[in-house]
Structure formats: structure tokens, C-alpha cells
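**Q** Next comes the structure file model_16.cif, holding mmCIF, C-alpha atoms and all ligand atoms.
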data_structure
#
loop_
_atom_site.label_atom_id
_atom_site.label_comp_id
_atom_site.auth_asym_id
_atom_site.auth_seq_id
_atom_site.Cartn_x
_atom_site.Cartn_y
_atom_site.Cartn_z
CA MET A 1 0.00 0.00 0.00
CA GLU A 2 1.34 3.39 -0.92
CA THR A 3 0.97 6.34 1.39
CA ASP A 4 -0.80 9.28 -0.12
CA ARG A 5 1.47 12.12 0.97
CA THR A 6 -0.81 14.79 -0.40
CA THR A 7 -3.27 14.10 2.43
CA LEU A 8 -0.71 15.03 5.10
CA PRO A 9 -1.43 18.28 6.92
CA THR A 10 0.81 21.08 5.77
CA LYS A 11 0.14 23.85 8.25
CA ARG A 12 1.25 22.16 11.43
CA PRO A 13 4.67 20.95 10.22
CA LEU A 14 5.48 24.42 8.87
CA ARG A 15 4.59 26.04 12.14
CA TRP A 16 6.55 23.40 14.02
CA ARG A 17 9.53 23.79 11.75
CA SER A 18 9.68 27.54 12.22
CA LEU A 19 9.56 27.18 16.00
CA HIS A 20 12.30 24.61 15.78
CA ALA A 21 14.42 26.77 13.48
CA GLU A 22 14.00 29.80 15.71
CA ALA A 23 14.94 27.81 18.79
CA VAL A 24 18.06 26.53 16.98
CA GLU A 25 19.07 30.01 15.92
CA THR A 26 18.46 31.66 19.28
CA LEU A 27 20.25 28.94 21.24
CA ARG A 28 23.15 28.93 18.79
CA GLU A 29 23.56 32.69 19.20
CA MET A 30 23.41 32.36 22.99
CA ILE A 31 26.16 29.75 22.94
CA ILE A 32 28.36 31.39 20.30
CA GLY A 33 27.90 34.81 21.87
CA GLY A 34 28.99 33.43 25.23
CA GLU A 35 25.66 34.08 26.98
CA LEU A 36 25.60 30.38 27.75
CA ALA A 37 29.05 29.35 28.93
CA PRO A 38 30.74 26.00 28.24
CA GLY A 39 29.53 23.47 30.77
CA ALA A 40 26.27 25.35 31.44
CA ARG A 41 23.35 23.00 31.90
CA LEU A 42 20.51 23.40 29.43
CA VAL A 43 17.44 22.71 31.54
CA GLU A 44 14.58 21.76 29.23
CA ALA A 45 11.82 23.21 31.40
CA GLU A 46 13.62 26.57 31.69
CA LEU A 47 14.31 26.78 27.97
CA CYS A 48 10.74 25.81 27.08
CA ALA A 49 9.49 28.61 29.32
CA LEU A 50 12.04 31.06 27.93
CA PHE A 51 11.09 30.45 24.32
CA ALA A 52 7.42 29.62 25.04
CA ILE A 53 7.67 26.36 23.11
CA SER A 54 6.94 22.73 23.91
CA ARG A 55 9.55 20.06 24.54
CA THR A 56 9.51 18.45 21.11
CA PRO A 57 10.84 21.40 19.07
CA LEU A 58 13.25 22.23 21.89
CA ARG A 59 14.69 18.71 21.93
CA GLU A 60 15.01 18.74 18.16
CA ALA A 61 16.83 22.07 18.39
CA LEU A 62 19.25 20.66 20.96
CA ARG A 63 19.93 17.66 18.69
CA VAL A 64 20.82 19.98 15.81
CA LEU A 65 23.24 21.87 18.07
CA GLU A 66 24.68 18.55 19.22
CA VAL A 67 25.56 17.75 15.60
CA GLU A 68 27.19 21.21 15.35
CA GLY A 69 29.31 20.38 18.38
CA LEU A 70 27.81 23.13 20.54
CA VAL A 71 25.78 20.87 22.83
CA THR A 72 26.70 17.57 24.50
CA PHE A 73 24.20 15.11 26.01
CA TYR A 74 25.20 13.31 29.20
CA PRO A 75 23.30 10.37 30.65
CA ASN A 76 21.35 11.47 33.74
CA ARG A 77 22.36 15.09 33.31
CA GLY A 78 20.79 15.97 30.01
CA ALA A 79 22.06 18.63 27.63
CA VAL A 80 25.07 20.75 28.51
CA VAL A 81 26.85 23.47 26.51
CA SER A 82 29.92 21.69 25.08
CA THR A 83 33.26 22.44 26.66
CA ILE A 84 36.40 23.11 24.62
CA SER A 85 39.95 22.08 25.44
CA PRO A 86 42.59 24.84 25.78
CA GLU A 87 44.90 22.85 23.45
CA GLU A 88 42.26 22.85 20.73
CA VAL A 89 41.82 26.62 21.10
CA VAL A 90 45.56 27.31 20.90
CA GLN A 91 45.92 25.12 17.81
CA GLN A 92 42.98 26.79 16.08
CA PHE A 93 44.43 30.23 16.70
CA GLU A 94 47.93 29.23 15.57
CA VAL A 95 46.49 28.37 12.19
CA LEU A 96 44.13 31.36 12.10
CA ALA A 97 46.92 33.80 12.98
CA ASN A 98 49.13 32.65 10.16
CA LEU A 99 46.28 32.46 7.67
CA GLU A 100 45.41 36.06 8.47
CA ARG A 101 49.05 37.10 8.18
CA ILE A 102 49.18 35.66 4.65
CA ALA A 103 45.74 37.09 3.85
CA LEU A 104 46.84 40.59 4.80
CA GLU A 105 50.05 40.30 2.76
CA LEU A 106 48.02 39.28 -0.31
CA ALA A 107 45.33 41.87 0.40
CA MET A 108 47.88 44.67 0.58
CA ALA A 109 49.31 43.68 -2.79
CA ARG A 110 45.84 43.56 -4.33
CA MET A 111 43.58 46.07 -2.62
CA LYS A 112 42.49 49.23 -4.36
CA ALA A 113 42.12 52.68 -2.83
CA ALA A 114 38.36 52.13 -2.46
CA ASP A 115 38.99 48.88 -0.54
CA LEU A 116 41.33 50.65 1.83
CA GLY A 117 38.76 53.42 2.30
CA ARG A 118 36.10 50.90 3.21
CA LEU A 119 38.44 49.08 5.59
CA ASN A 120 39.24 52.37 7.32
CA ARG A 121 35.53 53.15 7.68
CA MET A 122 34.90 49.72 9.21
CA HIS A 123 37.77 50.31 11.60
CA ASN A 124 36.47 53.77 12.60
CA ARG A 125 33.00 52.35 13.17
CA MET A 126 34.49 49.64 15.40
CA MET A 127 36.41 52.23 17.41
CA ASP A 128 33.17 54.23 17.81
CA LEU A 129 31.44 51.17 19.21
CA TYR A 130 34.37 50.58 21.52
CA GLY A 131 34.16 54.20 22.70
CA LYS A 132 30.48 53.71 23.48
CA GLY A 133 31.16 50.47 25.33
CA GLN A 134 29.01 48.46 22.91
CA ARG A 135 30.85 45.21 23.37
CA ARG A 136 28.72 42.84 21.30
CA GLU A 137 28.45 45.20 18.31
CA CYS A 138 32.14 46.01 18.54
CA PHE A 139 32.95 42.30 18.58
CA GLN A 140 30.84 41.82 15.46
CA LYS A 141 32.65 44.66 13.67
CA ASP A 142 36.03 43.22 14.68
CA TYR A 143 34.92 39.87 13.26
CA ASP A 144 33.75 41.59 10.03
CA ILE A 145 37.10 43.38 9.64
CA HIS A 146 39.05 40.13 9.87
CA ASN A 147 36.73 38.50 7.33
CA ARG A 148 36.96 41.54 5.06
CA ILE A 149 40.76 41.40 5.02
CA VAL A 150 40.63 37.71 4.15
CA ALA A 151 38.17 38.47 1.34
CA LEU A 152 40.52 41.19 0.07
CA SER A 153 43.28 38.58 -0.25
CA GLY A 154 41.45 37.49 -3.39
CA ASN A 155 42.38 33.89 -2.57
CA ALA A 156 39.29 31.66 -2.49
CA VAL A 157 41.16 28.66 -1.04
CA LEU A 158 42.46 30.71 1.85
CA GLN A 159 39.02 32.25 2.35
CA ASP A 160 37.41 28.82 2.49
CA ILE A 161 39.78 27.40 5.09
CA HIS A 162 39.53 30.59 7.09
CA ALA A 163 35.71 30.57 7.08
CA GLY A 164 35.64 27.02 8.47
CA LEU A 165 38.07 27.89 11.26
CA MET A 166 36.32 31.15 12.08
CA SER A 167 32.96 29.50 12.59
CA ARG A 168 34.57 26.88 14.82
CA SER A 169 36.34 29.51 16.88
CA ARG A 170 33.72 32.24 16.88
CA ARG A 171 32.21 31.04 20.08
CA VAL A 172 35.50 31.11 21.97
CA ARG A 173 36.67 34.37 20.39
CA TYR A 174 33.96 36.17 22.27
CA PHE A 175 35.48 35.10 25.59
CA ALA A 176 38.48 37.29 24.92
CA LEU A 177 36.27 40.38 24.92
CA HIS A 178 34.78 39.44 28.27
CA SER A 179 38.09 40.56 29.65
CA LYS A 180 38.00 44.35 29.83
CA SER A 181 41.79 44.69 29.66
CA ARG A 182 41.97 42.46 26.59
CA TRP A 183 39.27 44.45 24.86
CA SER A 184 41.25 47.70 25.01
CA GLU A 185 44.50 45.88 24.18
CA ALA A 186 42.88 44.31 21.10
CA MET A 187 41.58 47.69 19.95
CA ALA A 188 45.09 49.17 20.26
CA GLU A 189 46.40 46.28 18.14
CA HIS A 190 43.79 47.07 15.50
CA VAL A 191 44.87 50.72 15.50
CA ALA A 192 48.48 49.60 14.99
CA PHE A 193 47.85 47.27 12.06
CA ILE A 194 45.42 49.67 10.37
CA GLN A 195 48.14 52.32 10.61
CA ALA A 196 50.68 49.93 9.04
CA ILE A 197 48.19 49.14 6.24
CA ASN A 198 47.74 52.86 5.56
CA ASP A 199 51.54 53.25 5.62
CA ARG A 200 51.68 50.50 2.96
CA ASP A 201 54.08 48.57 5.18
CA ALA A 202 53.02 45.00 4.39
CA ALA A 203 55.70 43.31 6.49
CA ARG A 204 54.82 45.29 9.62
CA ALA A 205 51.05 45.04 9.06
CA SER A 206 51.03 41.28 8.54
CA THR A 207 53.25 40.65 11.57
CA LEU A 208 51.00 42.85 13.72
CA MET A 209 47.97 40.96 12.42
CA ARG A 210 49.52 37.57 13.24
CA ASP A 211 50.46 38.72 16.73
CA HIS A 212 46.98 40.17 17.32
CA VAL A 213 45.27 36.89 16.47
CA LEU A 214 47.84 34.82 18.41
CA ARG A 215 47.33 37.03 21.46
CA THR A 216 43.57 36.50 21.26
CA GLY A 217 44.22 32.76 21.05
CA THR A 218 46.44 32.81 24.13
CA LEU A 219 43.86 34.74 26.13
CA VAL A 220 40.99 32.55 25.00
CA GLY A 221 43.05 29.44 25.79
CA GLU A 222 43.63 30.81 29.28
CA PHE A 223 39.93 31.53 29.69
CA VAL A 224 39.02 28.02 28.60
CA SER A 225 41.47 26.52 31.07
CA GLY A 226 40.06 28.80 33.79
CA ARG A 227 43.03 31.13 34.19
CA SER A 228 41.68 34.49 33.12
CA ASP A 229 39.86 37.55 34.43
CA ALA A 230 36.66 36.86 32.52
CA SER A 231 33.59 38.61 33.87
CA PRO A 232 32.03 36.89 36.87
CA ASP A 233 28.51 37.19 35.49
CA MET A 234 29.50 34.89 32.71
CA LEU A 235 31.24 32.35 34.90
CA SER A 236 28.27 32.17 37.24
CA ARG A 237 26.19 30.79 34.40
CA ALA A 238 28.41 27.73 34.15
CA ASP A 239 27.24 24.60 35.82
CA PRO A 240 29.41 24.16 38.91
CA ALA A 241 29.02 20.39 38.56
CA ALA A 242 30.49 20.44 35.07
CA GLU A 243 34.11 19.44 34.66
ZN ZN B 1 40.63 41.71 15.84
#
What is this structure when it is put down as C-alpha cells?
Ligand SMILES: [Zn+2]
**A**
Amino acid sequence: METDRTTLPTKRPLRWRSLHAEAVETLREMIIGGELAPGARLVEAELCALFAISRTPLREALRVLEVEGLVTFYPNRGAVVSTISPEEVVQQFEVLANLERIALELAMARMKAADLGRLNRMHNRMMDLYGKGQRRECFQKDYDIHNRIVALSGNAVLQDIHAGLMSRSRRVRYFALHSKSRWSEAMAEHVAFIQAINDRDAARASTLMRDHVLRTGTLVGEFVSGRSDASPDMLSRADPAAE
């Protein structure tokens, strides 16, 4: 007997799917943005209440995030925000730092005056956000600047590898900005490499870029291993029972 698929209801699955997709997106942003720290317990009842959804779409959302490596399920403890090892972080940033060094070298050989103008505007906008203390927006602009430089390299292979690494490390990158001292230090590093780019000093600019990304990696690695001055409000969200 063949199932007649045309008789299946269409409205309910669409509604369900949108709830599910929204829950996935919101939770992903909360984890990547650092609102939910590694090791934090994801209590189903609390999340259902927060999003005003039932358990089924929530569980499906958590399964999607499990596949993405953002959520881990433990027997008897349920879903927990995945933890990351400091070694993994350091290794990711070692590669990222050198990719961005090469990207900037290539970008400087290839970028036009209009590209430089746009890069300077992005930088100024980021500094504005920093001045206003808008951490999340500033972080996003910082992220955009790094991606823009890689795009300006004109090397699709490099861009591809970089994009994969950036999405894997985006979540931990944010930790670095939770440290107030690192935030201002990182902004000063941006000022320095933007100056070198405007001076057309490719060797200096690319070295400064590499060091900037390596420094972020070191700080994030320290945060992950619990040796940094990250904000207490963030740490309090972590499950004390988590290892
Ligand atoms: Zn940066």
C-alpha cells in the first residue's frame, strides 16, 4: 500500500519547523555569543518557558546543536553546553593567525584605494562602538574586519579554510572580549595594524595581524582553562558540577 502524501497536513509541520528553526538560531547565538558558557546546563523546562515552546521542538533544536558540536548530552544530566579544550583553542588560533598574516600580505598587494577606504571606515566604526562600550556590536565589527581582510586577499582557497576555522572559533573568540583589559588591548592592536596598512608597510602590518590573532588565542586558551579575568557574570552561568 502506498501512502498518499498529499493528504498530510501542511500547516502544522510548517509552524513546528519555524519554531524549531527559531529555537536553533536563538540557542546557537546564545552559545556562540557566550551568553551560555561551556559546561552550562541546558534545563529543558527553563528553555521551554524562555522560548514559550513545547519540549519536542526544543529537543530537536538541541539535537541539531549537538551535531554542530555546541551541545553535549550526558546520561542522567541531560544537555550541557559543550566544553572546549585549551589545546584545541591554541591550535585553532595558531592556524588562524598565520592564515590572516598571509591574507593581509596578499590583500595589501591587491587592494584598491576604495577597498582601503572601506576598511578604514569599518575600523572607525568599530572604534566608535568601543568608545560607546558596545561590546557585542564592537565584537561583530572586529569579526567583520578580519573577514573583510581575508576576502581582500582574493584567494578563495584561503578564504574557504579561514571561514571554516572562524565558525569553529567564533564562540570562543567572544570570551576574549569578556576581559576588559583584553578588549582595550585588542583595539590598540587594530589601531596599529590599520596604521601599518595605511603606511603601505606589508611586512609590519602582517606581523602585527599575526600577533593580534595569536594574542587573542592565548587569552581565549587561558579563559578556557580557567586562568583568566573573565567577567564573573559569565562564569556564574556555568554549571558548577560540570568538569
Ligand atoms: Zn581583531
**Q** Given the point (40.5, 36.5, 4.9) in the coordinates of this file, which residues lie within 10 Å, counting all atoms listed in the file, and how would they look as a PyMOL selection string?
**A** chain A and resi 96+99-104+106-107+144-163+166
**Q** List as a ChimeraX atom specification the protein and nucleic acid residues lying within 7 Å of ligand ZN 1 (chain B), with only C-alpha atoms and all ligand atoms counted.
**A** /A:142-143,146,186,190,212-213
**Q** One number please: atom CA of A:Gly221 to atom CA of A:Glu87, in Å, one decimal.
**A**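 Straight-line distance from atom CA of A:Gly221 to atom CA of A:Glu87 works out to 7.2 Å.
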**Q** With a cut-off of 8 Å, could you pull out the residues of stretch 97-185 of chain A touching stretch 193-200 of chain A and give me the nearest pair of atoms for each, distance in Å to one decimal, using only C-alpha atoms, ordered by chain and ascending number, as a tab-separated table?
**A**
residue	atom	partner	partner_atom	distance
A:Met108	CA	A:Ile197	CA	7.2
A:Leu116	CA	A:Asn198	CA	7.7
A:Asn120	CA	A:Ile194	CA	7.4
A:His123	CA	A:Ile194	CA	7.8
**Q** Compare A:Asp115, A:Glu22, A:Glu29, A:Glu88 by their minimum atom-to-atom distance to A:Glu60, counting all atoms listed in the file, and give me the closest one.
**A** A:Glu22
**Q** Which residues come within 8 Å of A:Leu65, counting only C-alpha atoms, excluding same-chain residues fewer than 5 positions away, as a list in words?
**A**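 Residues near the query, excluding close chain neighbours: Val24, Arg28, Leu70 and Val71 of chain A.
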**Q** Which residues come within 9 Å of A:Val80, counting all atoms listed in the file, excluding same-chain residues fewer than 3 positions away, as a count of residues only?
**A** 15
**Q** What is the atom CA of A:Ala202-atom CA of A:Glu105 distance in Å, reported with one decimal?
**A** 5.8 Å
**Q** With 8 Å of padding per side, what axis-aligned box (centre and edge lengths, Å, one decimal) covers all the listed atoms of stretch 24-38 of chain A? Give it as lines of an AutoDock Vina configuration file.
**A**
center_x = 24.4
center_y = 30.4
center_z = 22.4
size_x = 28.7
size_y = 24.8
size_z = 29.0
**Q** Between atom CA of A:Leu208 and atom CA of A:Lys132, what is the distance, to one decimal in Å?
**A**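 Between atom CA of A:Leu208 and atom CA of A:Lys132 the gap works out to 25.2 Å.
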